[in-house]
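Novice: Structure provided below as C-alpha cells; questions to follow.
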Amino acid sequence: MKTKLLFRLFLVMLLSAGTLAFSQKVVKMDEITVDGLKKMMDDAGITVVSTGTDYVKIKNTFTWLIYNDKSKGYLTFTVTYKSKEGTSYSKASELTNKLNREVAMSRFDYDDSSKTFAVTYYFMCEGGFVFSNLVKAINLFRDTITLALQKDTEMLIL
C-alpha cells in the first residue's frame, strides 16, 4: 500500500516537472524591446541582419523588418519590393487585389509614387504571447511571401 502511494506521488511529481519544463513564459507587450526581439530571433536560429530603435531586420529565406509598435499592441512584419519597370498602376492594383483575396493573413499594397509593393502582417501582442507563437508567425509570414510570389504570374514583383 505504501509502495503504491509513493509510486503515485512520484508520477505526480514527474508529470508536474515535465509540465513546468515545457511551459513557456508569456511575454507581455510592455516587456518587448528591440534587444529582447533580437535575443528571441537568435534563440530561434533566425538571422538578425540589423536593428534600429524600433525594429529588427531579419532574414528567414526573405529579409524583412519586424517593427515594435508597443503603443498599438502588436508587432508589424513588413517587406517592400520594387515593381518591374513599366508596371502600370492598374496592373499593380489588379495584382494586390488578387493577393489580398487569395493569400490569407497578410495585407498587400502598391505605392505608385515609389513603384513598390508592400506586404504587411500584424502579430497581436496585447495580453501577451508565447515565444513559439512568434516563431510560427514568422514562418507563416515567410510562407505568405512565397505564395504571393508564386501567384505573381506576370512577374510584377521584383
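Ligands are numbered from 1 in the order shown, chains are lettered A, B, ... in the order of the C-alpha cells, and residues start at 1 in each chain.
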Pull the alpha helix (DSSP H) assignments for chain A out of DSSP run on the backbone, and list those residues as a ChimeraX atom specification.

Specialist: /A:2-22,34-44,89-102,131-151

Novice: Using only C-alpha atoms, which protein or nucleic acid residues come within 7 Å of segment 151-158 of chain A? Drop anything in the same chain fewer than 6 positions from it, and give the result as an mmCIF file with N, CA and C atoms, in the first residue's frame.

Specialist:
data_model
loop_
_atom_site.group_PDB
_atom_site.id
_atom_site.type_symbol
_atom_site.label_atom_id
_atom_site.label_comp_id
_atom_site.auth_asym_id
_atom_site.auth_seq_id
_atom_site.Cartn_x
_atom_site.Cartn_y
_atom_site.Cartn_z
ATOM 1 N N TYR A 81 8.972 45.449 -51.918
ATOM 2 C CA TYR A 81 9.647 45.023 -53.144
ATOM 3 C C TYR A 81 9.395 46.039 -54.240
ATOM 4 N N LYS A 82 10.387 46.245 -55.088
ATOM 5 C CA LYS A 82 10.210 47.104 -56.252
ATOM 6 C C LYS A 82 9.342 46.376 -57.269
ATOM 7 N N SER A 83 8.679 47.165 -58.088
ATOM 8 C CA SER A 83 7.891 46.569 -59.169
ATOM 9 C C SER A 83 8.730 46.548 -60.445
ATOM 10 N N LYS A 84 8.349 45.648 -61.324
ATOM 11 C CA LYS A 84 9.023 45.555 -62.618
ATOM 12 C C LYS A 84 8.852 46.889 -63.343
ATOM 13 N N THR A 87 5.493 48.758 -64.910
ATOM 14 C CA THR A 87 4.261 48.229 -64.327
ATOM 15 C C THR A 87 3.247 49.359 -64.173
ATOM 16 N N PHE A 117 5.734 47.358 -54.038
ATOM 17 C CA PHE A 117 4.725 46.512 -53.408
ATOM 18 C C PHE A 117 5.140 46.320 -51.952
#

Novice: Find, counting only C-alpha atoms, the residue in A:Leu95, A:Val48, A:Met105, A:Val135 that gets nearest to Asp35 of chain A.

Specialist: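 Once distances to Asp35 of chain A are computed over only C-alpha atoms, the minimum belongs to A:Val48.
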
Novice: As a ChimeraX atom specification, which residues of segment 19-98 of chain A does DSSP assign to strand (DSSP E or B)?

Specialist: /A:26-27,47-51,55-60,62-69,74-83

Novice: Could you please determine the separation between atom CA of Phe123 of chain A and atom CA of Ile138 of chain A in Å, to one decimal place?

Specialist: 9.1 Å

Novice: Any idea what the distance is between atom CA of Phe77 of chain A and atom CA of Tyr121 of chain A?

Specialist: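 Computed distance, atom CA of Phe77 of chain A to atom CA of Tyr121 of chain A, equals 5.1 Å.
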
Novice: Between A:Phe131, A:Met40, A:Glu85, A:Lys136, which residue has the minimum interatomic distance to Asp112 of chain A, considering only C-alpha atoms?

Specialist: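 Using only C-alpha atoms, Asp112 of chain A sits closest to A:Glu85.
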
Novice: Applying 9 Å and only C-alpha atoms, which residues near Tyr89 of chain A remain after dropping the ones on its own chain fewer than 6 positions away? List them as a list in words.

Specialist: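 Final neighbour list, sorted by chain and number: Tyr110, Asp111, Asp112 and Lys115 of chain A.
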
Novice: Restrict the calculation to only C-alpha atoms, then for each residue of segment 100-137 of chain A with any atom at most 10 Å from an atom of segment 62-71 of chain A give the closest atom pair and their distance in Å to one decimal, rows by chain and rising residue number, as CSV.

Specialist:
residue,atom,partner,partner_atom,distance
A:Val119,CA,A:Trp64,CA,9.6
A:Thr120,CA,A:Leu65,CA,9.7
A:Tyr121,CA,A:Ile66,CA,9.4
A:Tyr122,CA,A:Ile66,CA,9.6
A:Phe123,CA,A:Ile66,CA,9.6
A:Met124,CA,A:Asp69,CA,10.0
A:Cys125,CA,A:Lys70,CA,8.6
A:Glu126,CA,A:Lys70,CA,9.0

Novice: Please save C-alpha atoms of the selected residues as a PDB file, in the first residue's frame.

Specialist:
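To be explicit, this is the file written out as selection23.pdb:
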ATOM      1  CA  VAL A 119       3.437  43.004 -47.650  1.00  0.00           C
ATOM      2  CA  THR A 120       2.360  43.521 -44.030  1.00  0.00           C
ATOM      3  CA  TYR A 121       1.319  41.216 -41.201  1.00  0.00           C
ATOM      4  CA  TYR A 122       0.237  42.249 -37.706  1.00  0.00           C
ATOM      5  CA  PHE A 123       1.223  39.942 -34.833  1.00  0.00           C
ATOM      6  CA  MET A 124      -1.070  40.774 -31.928  1.00  0.00           C
ATOM      7  CA  CYS A 125       0.726  41.056 -28.584  1.00  0.00           C
ATOM      8  CA  GLU A 126      -1.905  42.638 -26.379  1.00  0.00           C
TER       9      GLU A 126
END

Novice: Go through A:Arg142, A:Ser90, A:Val130, A:Val79 and flag the residue nearest Thr116 of chain A, using only C-alpha atoms for the distances.

Specialist: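 Among A:Arg142, A:Ser90, A:Val130, A:Val79, it is A:Val79 that comes nearest to Thr116 of chain A.
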
Novice: So how far away is atom CA of Ala104 of chain A from atom CA of Ala137 of chain A, in Å?

Specialist: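 Calculated distance between atom CA of Ala137 of chain A and atom CA of Ala104 of chain A is 12.5 Å.
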